$ cat entry.txt   # compact mmCIF, N, CA and C atoms
# COMPACT_ATOMS: atom_id res chain seq x y z
N MET X 943 -28.61 -5.66 -35.63
CA MET X 943 -28.54 -6.93 -34.95
C MET X 943 -27.54 -7.83 -35.68
N VAL X 944 -26.65 -8.46 -34.91
CA VAL X 944 -25.67 -9.37 -35.47
C VAL X 944 -26.11 -10.80 -35.21
N ARG X 945 -26.11 -11.60 -36.26
CA ARG X 945 -26.42 -13.03 -36.13
C ARG X 945 -25.14 -13.80 -36.42
N ARG X 946 -24.60 -14.42 -35.36
CA ARG X 946 -23.37 -15.19 -35.49
C ARG X 946 -23.72 -16.65 -35.70
N THR X 947 -22.94 -17.34 -36.54
CA THR X 947 -23.26 -18.72 -36.88
C THR X 947 -22.04 -19.62 -36.75
N VAL X 948 -22.21 -20.69 -36.01
CA VAL X 948 -21.26 -21.78 -36.02
C VAL X 948 -21.94 -22.88 -36.82
N VAL X 949 -21.36 -23.21 -37.95
CA VAL X 949 -21.97 -24.15 -38.90
C VAL X 949 -21.77 -25.57 -38.39
N PRO X 950 -22.86 -26.28 -38.10
CA PRO X 950 -22.76 -27.63 -37.53
C PRO X 950 -22.02 -28.63 -38.40
N SER X 951 -22.04 -28.45 -39.70
CA SER X 951 -21.39 -29.41 -40.59
C SER X 951 -19.91 -29.11 -40.81
N LEU X 952 -19.39 -28.06 -40.16
CA LEU X 952 -17.96 -27.73 -40.23
C LEU X 952 -17.30 -28.04 -38.89
N PHE X 953 -15.99 -28.09 -38.89
CA PHE X 953 -15.23 -28.31 -37.66
C PHE X 953 -15.59 -27.24 -36.64
N PRO X 954 -15.88 -27.61 -35.38
CA PRO X 954 -16.25 -26.61 -34.36
C PRO X 954 -15.06 -25.70 -34.05
N PRO X 955 -15.19 -24.41 -34.30
CA PRO X 955 -14.07 -23.49 -34.08
C PRO X 955 -13.85 -23.23 -32.59
N PRO X 956 -12.59 -23.06 -32.18
CA PRO X 956 -12.29 -22.81 -30.77
C PRO X 956 -12.48 -21.33 -30.41
N GLY X 957 -13.70 -20.95 -30.06
CA GLY X 957 -13.94 -19.59 -29.57
C GLY X 957 -14.22 -18.55 -30.62
N TYR X 958 -14.61 -18.94 -31.81
CA TYR X 958 -15.03 -17.97 -32.82
C TYR X 958 -16.13 -18.56 -33.66
N ALA X 959 -16.82 -17.71 -34.43
CA ALA X 959 -17.90 -18.16 -35.30
C ALA X 959 -17.39 -18.31 -36.72
N HIS X 960 -18.06 -19.15 -37.51
CA HIS X 960 -17.73 -19.28 -38.92
C HIS X 960 -18.17 -18.06 -39.73
N ALA X 961 -19.29 -17.47 -39.33
CA ALA X 961 -19.85 -16.35 -40.09
C ALA X 961 -20.63 -15.42 -39.18
N ALA X 962 -20.76 -14.18 -39.61
CA ALA X 962 -21.60 -13.21 -38.91
C ALA X 962 -22.34 -12.39 -39.96
N VAL X 963 -23.62 -12.19 -39.74
CA VAL X 963 -24.45 -11.40 -40.64
C VAL X 963 -24.98 -10.21 -39.86
N VAL X 964 -24.80 -9.01 -40.42
CA VAL X 964 -25.32 -7.80 -39.79
C VAL X 964 -26.52 -7.35 -40.61
N GLU X 965 -27.65 -7.19 -39.95
CA GLU X 965 -28.87 -6.75 -40.63
C GLU X 965 -28.65 -5.35 -41.20
N THR X 966 -29.28 -5.04 -42.30
CA THR X 966 -29.14 -3.72 -42.91
C THR X 966 -29.71 -2.65 -42.00
N GLY X 967 -29.30 -1.43 -42.22
CA GLY X 967 -29.79 -0.33 -41.41
C GLY X 967 -28.93 -0.10 -40.17
N ARG X 968 -27.85 -0.84 -39.99
CA ARG X 968 -26.97 -0.68 -38.84
C ARG X 968 -25.70 0.02 -39.28
N ARG X 969 -25.07 0.67 -38.33
CA ARG X 969 -23.79 1.31 -38.62
C ARG X 969 -22.66 0.38 -38.19
N LEU X 970 -21.61 0.34 -39.01
CA LEU X 970 -20.44 -0.46 -38.70
C LEU X 970 -19.22 0.44 -38.60
N ALA X 971 -18.31 0.09 -37.71
CA ALA X 971 -17.02 0.78 -37.59
C ALA X 971 -15.94 -0.18 -38.07
N PHE X 972 -15.09 0.30 -38.94
CA PHE X 972 -13.96 -0.47 -39.44
C PHE X 972 -12.72 0.12 -38.78
N LEU X 973 -12.12 -0.63 -37.89
CA LEU X 973 -11.01 -0.11 -37.10
C LEU X 973 -9.66 -0.51 -37.70
N ALA X 974 -8.75 0.45 -37.69
CA ALA X 974 -7.38 0.17 -38.10
C ALA X 974 -6.77 -0.79 -37.10
N GLY X 975 -5.65 -1.36 -37.44
CA GLY X 975 -5.00 -2.31 -36.54
C GLY X 975 -4.64 -1.67 -35.21
N SER X 976 -5.04 -2.32 -34.12
CA SER X 976 -4.62 -1.90 -32.79
C SER X 976 -3.25 -2.51 -32.54
N VAL X 977 -2.35 -1.69 -32.01
CA VAL X 977 -0.97 -2.10 -31.83
C VAL X 977 -0.58 -1.99 -30.36
N PRO X 978 0.53 -2.61 -29.95
CA PRO X 978 0.93 -2.63 -28.55
C PRO X 978 1.77 -1.42 -28.12
N LEU X 979 1.28 -0.23 -28.46
CA LEU X 979 1.95 1.00 -28.05
C LEU X 979 1.11 1.70 -26.99
N ASP X 980 1.77 2.30 -25.99
CA ASP X 980 1.02 3.07 -24.99
C ASP X 980 0.70 4.45 -25.57
N LYS X 981 0.03 5.30 -24.79
CA LYS X 981 -0.42 6.60 -25.31
C LYS X 981 0.74 7.51 -25.71
N ASP X 982 1.96 7.20 -25.24
CA ASP X 982 3.13 7.99 -25.61
C ASP X 982 3.87 7.40 -26.81
N GLY X 983 3.36 6.29 -27.34
CA GLY X 983 3.98 5.66 -28.49
C GLY X 983 5.10 4.70 -28.15
N THR X 984 5.20 4.29 -26.89
CA THR X 984 6.24 3.36 -26.44
C THR X 984 5.71 1.92 -26.54
N LEU X 985 6.53 1.04 -27.08
CA LEU X 985 6.16 -0.37 -27.18
C LEU X 985 5.99 -0.96 -25.79
N VAL X 986 4.88 -1.64 -25.56
CA VAL X 986 4.60 -2.31 -24.29
C VAL X 986 4.96 -3.79 -24.43
N GLY X 987 5.66 -4.34 -23.44
CA GLY X 987 5.95 -5.78 -23.40
C GLY X 987 6.88 -6.29 -24.48
N PRO X 988 8.05 -5.67 -24.67
CA PRO X 988 8.96 -6.19 -25.69
C PRO X 988 9.24 -7.69 -25.47
N GLY X 989 9.06 -8.47 -26.54
CA GLY X 989 9.33 -9.90 -26.47
C GLY X 989 8.27 -10.73 -25.76
N ASP X 990 7.19 -10.10 -25.30
CA ASP X 990 6.17 -10.79 -24.49
C ASP X 990 4.83 -10.79 -25.23
N PHE X 991 4.47 -11.95 -25.80
CA PHE X 991 3.23 -12.05 -26.57
C PHE X 991 2.00 -11.68 -25.75
N ALA X 992 1.92 -12.17 -24.51
CA ALA X 992 0.75 -11.90 -23.68
C ALA X 992 0.63 -10.42 -23.32
N ALA X 993 1.73 -9.80 -22.90
CA ALA X 993 1.70 -8.39 -22.53
C ALA X 993 1.33 -7.52 -23.72
N GLN X 994 1.88 -7.83 -24.88
CA GLN X 994 1.53 -7.06 -26.07
C GLN X 994 0.07 -7.25 -26.44
N THR X 995 -0.43 -8.46 -26.31
CA THR X 995 -1.83 -8.71 -26.64
C THR X 995 -2.75 -7.94 -25.69
N GLU X 996 -2.42 -7.90 -24.41
CA GLU X 996 -3.21 -7.13 -23.44
C GLU X 996 -3.26 -5.66 -23.84
N GLN X 997 -2.12 -5.09 -24.24
CA GLN X 997 -2.09 -3.68 -24.64
C GLN X 997 -2.88 -3.46 -25.93
N VAL X 998 -2.75 -4.38 -26.88
CA VAL X 998 -3.51 -4.29 -28.12
C VAL X 998 -5.00 -4.28 -27.82
N LEU X 999 -5.44 -5.16 -26.94
CA LEU X 999 -6.86 -5.24 -26.57
C LEU X 999 -7.32 -3.98 -25.84
N ALA X 1000 -6.48 -3.44 -24.98
CA ALA X 1000 -6.82 -2.19 -24.28
C ALA X 1000 -6.97 -1.06 -25.30
N ASN X 1001 -6.07 -1.00 -26.27
CA ASN X 1001 -6.16 0.04 -27.30
C ASN X 1001 -7.39 -0.17 -28.18
N LEU X 1002 -7.69 -1.43 -28.50
CA LEU X 1002 -8.88 -1.72 -29.30
C LEU X 1002 -10.13 -1.29 -28.55
N ARG X 1003 -10.19 -1.61 -27.27
CA ARG X 1003 -11.34 -1.22 -26.43
C ARG X 1003 -11.51 0.31 -26.43
N THR X 1004 -10.41 1.03 -26.30
CA THR X 1004 -10.45 2.50 -26.30
C THR X 1004 -10.97 3.03 -27.64
N ALA X 1005 -10.48 2.46 -28.74
CA ALA X 1005 -10.93 2.89 -30.07
C ALA X 1005 -12.41 2.57 -30.26
N LEU X 1006 -12.83 1.40 -29.81
CA LEU X 1006 -14.24 1.02 -29.92
C LEU X 1006 -15.13 1.99 -29.13
N HIS X 1007 -14.74 2.31 -27.92
CA HIS X 1007 -15.53 3.25 -27.10
C HIS X 1007 -15.62 4.62 -27.77
N ALA X 1008 -14.54 5.03 -28.44
CA ALA X 1008 -14.52 6.34 -29.10
C ALA X 1008 -15.54 6.44 -30.22
N VAL X 1009 -15.93 5.30 -30.81
CA VAL X 1009 -16.90 5.32 -31.90
C VAL X 1009 -18.26 4.77 -31.49
N GLY X 1010 -18.47 4.58 -30.18
CA GLY X 1010 -19.77 4.13 -29.69
C GLY X 1010 -19.98 2.64 -29.75
N SER X 1011 -18.91 1.88 -29.55
CA SER X 1011 -19.02 0.43 -29.59
C SER X 1011 -18.23 -0.17 -28.44
N ASP X 1012 -18.13 -1.50 -28.41
CA ASP X 1012 -17.38 -2.20 -27.37
C ASP X 1012 -17.02 -3.59 -27.87
N LEU X 1013 -16.25 -4.32 -27.09
CA LEU X 1013 -15.79 -5.65 -27.50
C LEU X 1013 -16.94 -6.59 -27.85
N ASP X 1014 -18.05 -6.49 -27.13
CA ASP X 1014 -19.16 -7.40 -27.39
C ASP X 1014 -19.91 -7.08 -28.68
N ARG X 1015 -19.59 -5.97 -29.34
CA ARG X 1015 -20.21 -5.59 -30.61
C ARG X 1015 -19.30 -5.88 -31.80
N VAL X 1016 -18.13 -6.47 -31.54
CA VAL X 1016 -17.21 -6.79 -32.62
C VAL X 1016 -17.79 -7.92 -33.46
N VAL X 1017 -17.79 -7.73 -34.77
CA VAL X 1017 -18.32 -8.70 -35.71
C VAL X 1017 -17.20 -9.61 -36.21
N THR X 1018 -16.03 -9.02 -36.50
CA THR X 1018 -14.93 -9.80 -37.04
C THR X 1018 -13.60 -9.19 -36.66
N THR X 1019 -12.58 -10.04 -36.54
CA THR X 1019 -11.21 -9.57 -36.29
C THR X 1019 -10.23 -10.35 -37.16
N ASP X 1020 -9.09 -9.72 -37.38
CA ASP X 1020 -7.91 -10.40 -37.90
C ASP X 1020 -6.84 -10.19 -36.84
N VAL X 1021 -6.26 -11.28 -36.35
CA VAL X 1021 -5.25 -11.23 -35.30
C VAL X 1021 -3.92 -11.65 -35.93
N TYR X 1022 -2.98 -10.72 -35.96
CA TYR X 1022 -1.67 -10.95 -36.57
C TYR X 1022 -0.64 -11.17 -35.47
N VAL X 1023 0.16 -12.24 -35.62
CA VAL X 1023 1.18 -12.59 -34.63
C VAL X 1023 2.49 -12.83 -35.37
N VAL X 1024 3.56 -12.15 -34.94
CA VAL X 1024 4.86 -12.34 -35.57
C VAL X 1024 5.47 -13.64 -35.03
N SER X 1025 5.15 -14.72 -35.71
CA SER X 1025 5.68 -16.03 -35.34
C SER X 1025 5.21 -17.06 -36.36
N SER X 1026 6.03 -18.10 -36.51
CA SER X 1026 5.61 -19.25 -37.32
C SER X 1026 5.32 -20.44 -36.41
N ASP X 1027 5.38 -20.23 -35.09
CA ASP X 1027 5.15 -21.29 -34.11
C ASP X 1027 3.70 -21.27 -33.64
N PRO X 1028 2.94 -22.34 -33.91
CA PRO X 1028 1.54 -22.37 -33.47
C PRO X 1028 1.37 -22.15 -31.97
N ALA X 1029 2.35 -22.50 -31.16
CA ALA X 1029 2.26 -22.27 -29.71
C ALA X 1029 2.19 -20.79 -29.39
N ASP X 1030 2.93 -19.96 -30.14
CA ASP X 1030 2.88 -18.50 -29.94
C ASP X 1030 1.51 -17.97 -30.34
N LEU X 1031 0.97 -18.46 -31.44
CA LEU X 1031 -0.36 -18.04 -31.87
C LEU X 1031 -1.39 -18.44 -30.81
N SER X 1032 -1.25 -19.60 -30.24
CA SER X 1032 -2.17 -20.05 -29.18
C SER X 1032 -2.06 -19.16 -27.95
N ARG X 1033 -0.82 -18.75 -27.59
CA ARG X 1033 -0.65 -17.83 -26.44
C ARG X 1033 -1.44 -16.54 -26.65
N VAL X 1034 -1.34 -16.01 -27.84
CA VAL X 1034 -2.07 -14.77 -28.16
C VAL X 1034 -3.57 -15.03 -28.13
N TRP X 1035 -4.01 -16.11 -28.78
CA TRP X 1035 -5.45 -16.40 -28.84
C TRP X 1035 -6.03 -16.61 -27.44
N ASN X 1036 -5.27 -17.23 -26.53
CA ASN X 1036 -5.76 -17.43 -25.17
C ASN X 1036 -6.04 -16.09 -24.48
N VAL X 1037 -5.20 -15.10 -24.70
CA VAL X 1037 -5.42 -13.76 -24.12
C VAL X 1037 -6.64 -13.11 -24.78
N VAL X 1038 -6.74 -13.22 -26.10
CA VAL X 1038 -7.90 -12.68 -26.82
C VAL X 1038 -9.18 -13.33 -26.28
N HIS X 1039 -9.17 -14.63 -26.17
CA HIS X 1039 -10.35 -15.36 -25.71
C HIS X 1039 -10.75 -14.94 -24.29
N ALA X 1040 -9.79 -14.75 -23.40
CA ALA X 1040 -10.06 -14.37 -22.01
C ALA X 1040 -10.57 -12.93 -21.89
N SER X 1041 -10.34 -12.12 -22.91
CA SER X 1041 -10.70 -10.70 -22.86
C SER X 1041 -12.19 -10.43 -22.97
N GLY X 1042 -12.95 -11.39 -23.44
CA GLY X 1042 -14.36 -11.16 -23.72
C GLY X 1042 -14.59 -10.79 -25.18
N LEU X 1043 -13.53 -10.60 -25.93
CA LEU X 1043 -13.68 -10.27 -27.35
C LEU X 1043 -14.37 -11.40 -28.10
N THR X 1044 -14.22 -12.61 -27.64
CA THR X 1044 -14.82 -13.74 -28.35
C THR X 1044 -16.26 -13.98 -27.94
N THR X 1045 -16.82 -13.10 -27.12
CA THR X 1045 -18.23 -13.21 -26.76
C THR X 1045 -19.06 -13.13 -28.02
N GLY X 1046 -19.99 -13.98 -28.17
CA GLY X 1046 -20.87 -13.93 -29.35
C GLY X 1046 -21.01 -15.26 -30.02
N PRO X 1047 -19.98 -15.94 -30.48
CA PRO X 1047 -18.62 -15.45 -30.73
C PRO X 1047 -18.56 -14.67 -32.03
N HIS X 1048 -17.51 -13.90 -32.21
CA HIS X 1048 -17.33 -13.15 -33.46
C HIS X 1048 -16.57 -14.03 -34.45
N THR X 1049 -16.47 -13.58 -35.69
CA THR X 1049 -15.66 -14.29 -36.67
C THR X 1049 -14.23 -13.77 -36.55
N SER X 1050 -13.27 -14.64 -36.78
CA SER X 1050 -11.88 -14.23 -36.62
C SER X 1050 -10.95 -15.06 -37.47
N THR X 1051 -9.82 -14.45 -37.83
CA THR X 1051 -8.74 -15.15 -38.49
C THR X 1051 -7.47 -14.87 -37.68
N LEU X 1052 -6.74 -15.92 -37.35
CA LEU X 1052 -5.49 -15.83 -36.59
C LEU X 1052 -4.36 -16.17 -37.55
N LEU X 1053 -3.41 -15.22 -37.69
CA LEU X 1053 -2.36 -15.37 -38.70
C LEU X 1053 -0.97 -15.23 -38.09
N GLY X 1054 -0.06 -16.10 -38.51
CA GLY X 1054 1.35 -15.92 -38.22
C GLY X 1054 1.97 -15.14 -39.37
N VAL X 1055 2.70 -14.07 -39.06
CA VAL X 1055 3.28 -13.22 -40.10
C VAL X 1055 4.77 -13.00 -39.83
N ALA X 1056 5.49 -12.53 -40.85
CA ALA X 1056 6.93 -12.33 -40.74
C ALA X 1056 7.28 -11.08 -39.93
N CYS X 1057 6.52 -10.00 -40.11
CA CYS X 1057 6.81 -8.79 -39.35
C CYS X 1057 5.61 -7.85 -39.40
N LEU X 1058 5.58 -6.92 -38.42
CA LEU X 1058 4.54 -5.89 -38.36
C LEU X 1058 5.23 -4.53 -38.38
N GLY X 1059 4.44 -3.46 -38.35
CA GLY X 1059 4.95 -2.13 -38.64
C GLY X 1059 5.90 -1.47 -37.66
N TYR X 1060 5.88 -1.84 -36.39
CA TYR X 1060 6.74 -1.18 -35.40
C TYR X 1060 7.84 -2.14 -34.95
N THR X 1061 9.02 -1.63 -34.74
CA THR X 1061 10.13 -2.44 -34.27
C THR X 1061 9.75 -3.12 -32.96
N GLY X 1062 9.90 -4.44 -32.92
CA GLY X 1062 9.59 -5.20 -31.72
C GLY X 1062 8.13 -5.59 -31.57
N GLN X 1063 7.28 -5.13 -32.48
CA GLN X 1063 5.85 -5.44 -32.40
C GLN X 1063 5.61 -6.90 -32.74
N LEU X 1064 4.85 -7.59 -31.86
CA LEU X 1064 4.54 -9.00 -32.06
C LEU X 1064 3.08 -9.28 -32.39
N VAL X 1065 2.18 -8.32 -32.06
CA VAL X 1065 0.74 -8.57 -32.18
C VAL X 1065 0.04 -7.32 -32.73
N GLU X 1066 -0.98 -7.56 -33.56
CA GLU X 1066 -1.86 -6.49 -34.06
C GLU X 1066 -3.22 -7.10 -34.32
N ILE X 1067 -4.27 -6.34 -34.02
CA ILE X 1067 -5.63 -6.82 -34.26
C ILE X 1067 -6.43 -5.74 -34.99
N THR X 1068 -7.02 -6.13 -36.14
CA THR X 1068 -7.97 -5.27 -36.83
C THR X 1068 -9.37 -5.76 -36.49
N ALA X 1069 -10.35 -4.85 -36.57
CA ALA X 1069 -11.71 -5.25 -36.19
C ALA X 1069 -12.75 -4.47 -36.98
N VAL X 1070 -13.91 -5.10 -37.11
CA VAL X 1070 -15.13 -4.45 -37.59
C VAL X 1070 -16.15 -4.66 -36.49
N ALA X 1071 -16.83 -3.58 -36.10
CA ALA X 1071 -17.79 -3.67 -35.00
C ALA X 1071 -19.06 -2.92 -35.34
N GLU X 1072 -20.14 -3.37 -34.74
CA GLU X 1072 -21.42 -2.68 -34.84
C GLU X 1072 -21.38 -1.48 -33.91
N VAL X 1073 -21.90 -0.35 -34.39
CA VAL X 1073 -21.95 0.87 -33.58
C VAL X 1073 -23.33 0.98 -32.96
N VAL X 1074 -23.35 1.21 -31.67
CA VAL X 1074 -24.61 1.31 -30.93
C VAL X 1074 -25.19 2.70 -31.16
N GLU X 1075 -26.48 2.76 -31.44
CA GLU X 1075 -27.16 4.04 -31.60
C GLU X 1075 -27.35 4.66 -30.22
N VAL X 1076 -27.35 5.98 -30.12
CA VAL X 1076 -27.49 6.69 -28.85
C VAL X 1076 -28.76 6.25 -28.12
N ALA X 1077 -29.86 6.08 -28.82
CA ALA X 1077 -31.11 5.68 -28.20
C ALA X 1077 -30.99 4.29 -27.57
N GLU X 1078 -30.22 3.39 -28.22
CA GLU X 1078 -30.02 2.05 -27.67
C GLU X 1078 -29.21 2.09 -26.39
N VAL X 1079 -28.20 2.97 -26.33
CA VAL X 1079 -27.38 3.10 -25.14
C VAL X 1079 -28.24 3.59 -23.99
N ALA X 1080 -29.07 4.61 -24.24
CA ALA X 1080 -29.94 5.16 -23.20
C ALA X 1080 -30.91 4.08 -22.72
N GLU X 1081 -31.46 3.32 -23.64
CA GLU X 1081 -32.41 2.27 -23.28
C GLU X 1081 -31.74 1.20 -22.43
N ALA X 1082 -30.51 0.80 -22.81
CA ALA X 1082 -29.78 -0.21 -22.06
C ALA X 1082 -29.40 0.30 -20.67
N ASP X 1083 -29.12 1.59 -20.57
CA ASP X 1083 -28.75 2.19 -19.26
C ASP X 1083 -29.96 2.57 -18.43
N GLY X 1084 -31.15 2.52 -19.04
CA GLY X 1084 -32.36 2.92 -18.32
C GLY X 1084 -32.54 4.42 -18.22
N THR X 1085 -31.85 5.15 -19.13
CA THR X 1085 -31.95 6.61 -19.17
C THR X 1085 -32.60 7.03 -20.47
N THR X 1086 -32.90 8.29 -20.60
CA THR X 1086 -33.43 8.80 -21.87
C THR X 1086 -32.43 9.77 -22.44
N GLY X 1087 -32.39 9.86 -23.77
CA GLY X 1087 -31.41 10.70 -24.44
C GLY X 1087 -32.00 11.97 -24.77
$ encode --input "entry.txt" --output "C-alpha cells"
Amino acid sequence: MVRRTVVPSLFPPPGYAHAAVVETGRRLAFLAGSVPLDKDGTLVGPGDFAAQTEQVLANLRTALHAVGSDLDRVVTTDVYVVSSDPADLSRVWNVVHASGLTTGPHTSTLLGVACLGYTGQLVEITAVAEVVEVAEVAEADGTTG
C-alpha cells in the first residue's frame, strides 16, 4: 500500500506529492529511464517536447505492464527535459499530468538538463512503481488465479 502525502505546511505542489511511503512487504520496480524511441529505435517527435513526452509515457507504460504494474502504481518519477526554459518544462509536465501518471499523486522531480543520451532526445522519465501481486490482479478483475 502506498501512502502519498501533500504536506499542508509546505507550498502546495502542482500535481505531485511531497512524499510517498510504501508499506513493507511490497515489491517495487525500479525502471530505467524511458526515452522517446519507437520499438525500432527511431526518435519520435524530433524537436517536439509534447510528442516526445507522449512516446516516453507510452514506453514507460509498456515497461510497467511488463513487470506487473501501471501508471497508477508509480511512487516516484524524475522527469528530465533538455531545456533551461521553464516554459518547456511546463509543456512536458502538462503532458505528464494529463497522462494519469500524476494520479495519487506520486512524488516527482522535474529537471532541466543540458543533454540526454540520444541525439535529439528532449525528454526522459525514470520511475519507481509498486508491483501488483498476481492475487491482487485476479481480485481486482473478479477472477481467480
$ closest_residue --input "entry.txt" --among "X:Leu1052, X:Ala1005, X:Val1021, X:Met943" --to "Ile1067 in chain X" --atoms "all atoms listed in the file"
X:Val1021
$ closest_residue --input "entry.txt" --among "X:Pro954, X:Gly987, X:Ser976, X:Arg946" --to "Ala1000 in chain X" --atoms "only N, CA and C atoms"
X:Ser976
$ closest_residue --input "entry.txt" --among "X:Thr1051, X:Gln997, X:Ser951, X:Thr1045" --to "Thr984 in chain X" --atoms "only C-alpha atoms"
X:Gln997
$ closest_residue --input "entry.txt" --among "X:Gly1042, X:Pro1028, X:Gly1010, X:Gly989" --to "Leu1064 in chain X" --atoms "only N, CA and C atoms"
X:Gly989
$ residues_around --input "entry.txt" --residues "Ala1008 in chain X" --least-positions-apart "6" --cutoff "12 Å" --atoms "only C-alpha atoms" --output "VMD selection string"
chain X and resid 971 973 1001 to 1002 1073 to 1074
$ residues_around --input "entry.txt" --residues "Val1023 in chain X" --least-positions-apart "3" --cutoff "6.5 Å" --atoms "all atoms listed in the file" --output "ChimeraX atom specification"
/X:1026,1031,1052-1056,1064-1066
$ write_last_selection --input "entry.txt" --atoms "N, CA and C atoms" --output "PDB file, in the frame of the given file"
ATOM      1  N   SER X1026       6.030 -18.100 -36.510  1.00  0.00           N
ATOM      2  CA  SER X1026       5.610 -19.250 -37.320  1.00  0.00           C
ATOM      3  C   SER X1026       5.320 -20.440 -36.410  1.00  0.00           C
ATOM      4  N   LEU X1031       0.970 -18.460 -31.440  1.00  0.00           N
ATOM      5  CA  LEU X1031      -0.360 -18.040 -31.870  1.00  0.00           C
ATOM      6  C   LEU X1031      -1.390 -18.440 -30.810  1.00  0.00           C
ATOM      7  N   LEU X1052      -6.740 -15.920 -37.350  1.00  0.00           N
ATOM      8  CA  LEU X1052      -5.490 -15.830 -36.590  1.00  0.00           C
ATOM      9  C   LEU X1052      -4.360 -16.170 -37.550  1.00  0.00           C
ATOM     10  N   LEU X1053      -3.410 -15.220 -37.690  1.00  0.00           N
ATOM     11  CA  LEU X1053      -2.360 -15.370 -38.700  1.00  0.00           C
ATOM     12  C   LEU X1053      -0.970 -15.230 -38.090  1.00  0.00           C
ATOM     13  N   GLY X1054      -0.060 -16.100 -38.510  1.00  0.00           N
ATOM     14  CA  GLY X1054       1.350 -15.920 -38.220  1.00  0.00           C
ATOM     15  C   GLY X1054       1.970 -15.140 -39.370  1.00  0.00           C
ATOM     16  N   VAL X1055       2.700 -14.070 -39.060  1.00  0.00           N
ATOM     17  CA  VAL X1055       3.280 -13.220 -40.100  1.00  0.00           C
ATOM     18  C   VAL X1055       4.770 -13.000 -39.830  1.00  0.00           C
ATOM     19  N   ALA X1056       5.490 -12.530 -40.850  1.00  0.00           N
ATOM     20  CA  ALA X1056       6.930 -12.330 -40.740  1.00  0.00           C
ATOM     21  C   ALA X1056       7.280 -11.080 -39.930  1.00  0.00           C
ATOM     22  N   LEU X1064       4.850  -7.590 -31.860  1.00  0.00           N
ATOM     23  CA  LEU X1064       4.540  -9.000 -32.060  1.00  0.00           C
ATOM     24  C   LEU X1064       3.080  -9.280 -32.390  1.00  0.00           C
ATOM     25  N   VAL X1065       2.180  -8.320 -32.060  1.00  0.00           N
ATOM     26  CA  VAL X1065       0.740  -8.570 -32.180  1.00  0.00           C
ATOM     27  C   VAL X1065       0.040  -7.320 -32.730  1.00  0.00           C
ATOM     28  N   GLU X1066      -0.980  -7.560 -33.560  1.00  0.00           N
ATOM     29  CA  GLU X1066      -1.860  -6.490 -34.060  1.00  0.00           C
ATOM     30  C   GLU X1066      -3.220  -7.100 -34.320  1.00  0.00           C
TER      31      GLU X1066
END
$ residues_around --input "entry.txt" --residues "Thr1018 in chain X" --least-positions-apart "5" --cutoff "8 Å" --atoms "all atoms listed in the file" --output "PyMOL selection string"
chain X and resi 962+1047-1051+1068-1072
$ closest_residue --input "entry.txt" --among "X:Ala959, X:Leu1043, X:Leu1058, X:Val944" --to "Val1024 in chain X" --atoms "all atoms listed in the file"
X:Leu1058
$ select_by_dssp --input "entry.txt" --residues "range 959-1060 of chain X" --states "strand (DSSP E or B)" --output "JSON, numbers by chain"
{"X": [959, 961, 962, 963, 964, 969, 970, 971, 972, 973, 974, 975, 976, 979, 985, 1016, 1017, 1018, 1019, 1020, 1021, 1022, 1023, 1024, 1049, 1050, 1051, 1052, 1053, 1054, 1055]}
$ closest_residue --input "entry.txt" --among "X:Cys1057, X:Val963, X:Val1009, X:Leu999" --to "Ser1041 in chain X" --atoms "only C-alpha atoms"
X:Leu999
$ atom_distance --input "entry.txt" --atom1 "CA of Lys981 in chain X" --atom2 "atom C of Arg1003 in chain X"
12.8 Å
$ residues_around --input "entry.txt" --residues "Val1034 in chain X" --least-positions-apart "5" --cutoff "7 Å" --atoms "only C-alpha atoms" --output "PDB file with N, CA and C atoms, in the frame of the given file"
ATOM      1  N   PHE X 991       4.470 -11.950 -25.800  1.00  0.00           N
ATOM      2  CA  PHE X 991       3.230 -12.050 -26.570  1.00  0.00           C
ATOM      3  C   PHE X 991       2.000 -11.680 -25.750  1.00  0.00           C
ATOM      4  N   ALA X 992       1.920 -12.170 -24.510  1.00  0.00           N
ATOM      5  CA  ALA X 992       0.750 -11.900 -23.680  1.00  0.00           C
ATOM      6  C   ALA X 992       0.630 -10.420 -23.320  1.00  0.00           C
ATOM      7  N   THR X 995      -0.430  -8.460 -26.310  1.00  0.00           N
ATOM      8  CA  THR X 995      -1.830  -8.710 -26.640  1.00  0.00           C
ATOM      9  C   THR X 995      -2.750  -7.940 -25.690  1.00  0.00           C
TER      10      THR X 995
END
$ axis_aligned_box --input "entry.txt" --around "range 1010-1022 of chain X" --padding-each-side "8 Å" --output "AutoDock Vina command-line options"
--center_x -10.4 --center_y -3.5 --center_z -32.5 --size_x 35.6 --size_y 32.2 --size_z 26.8
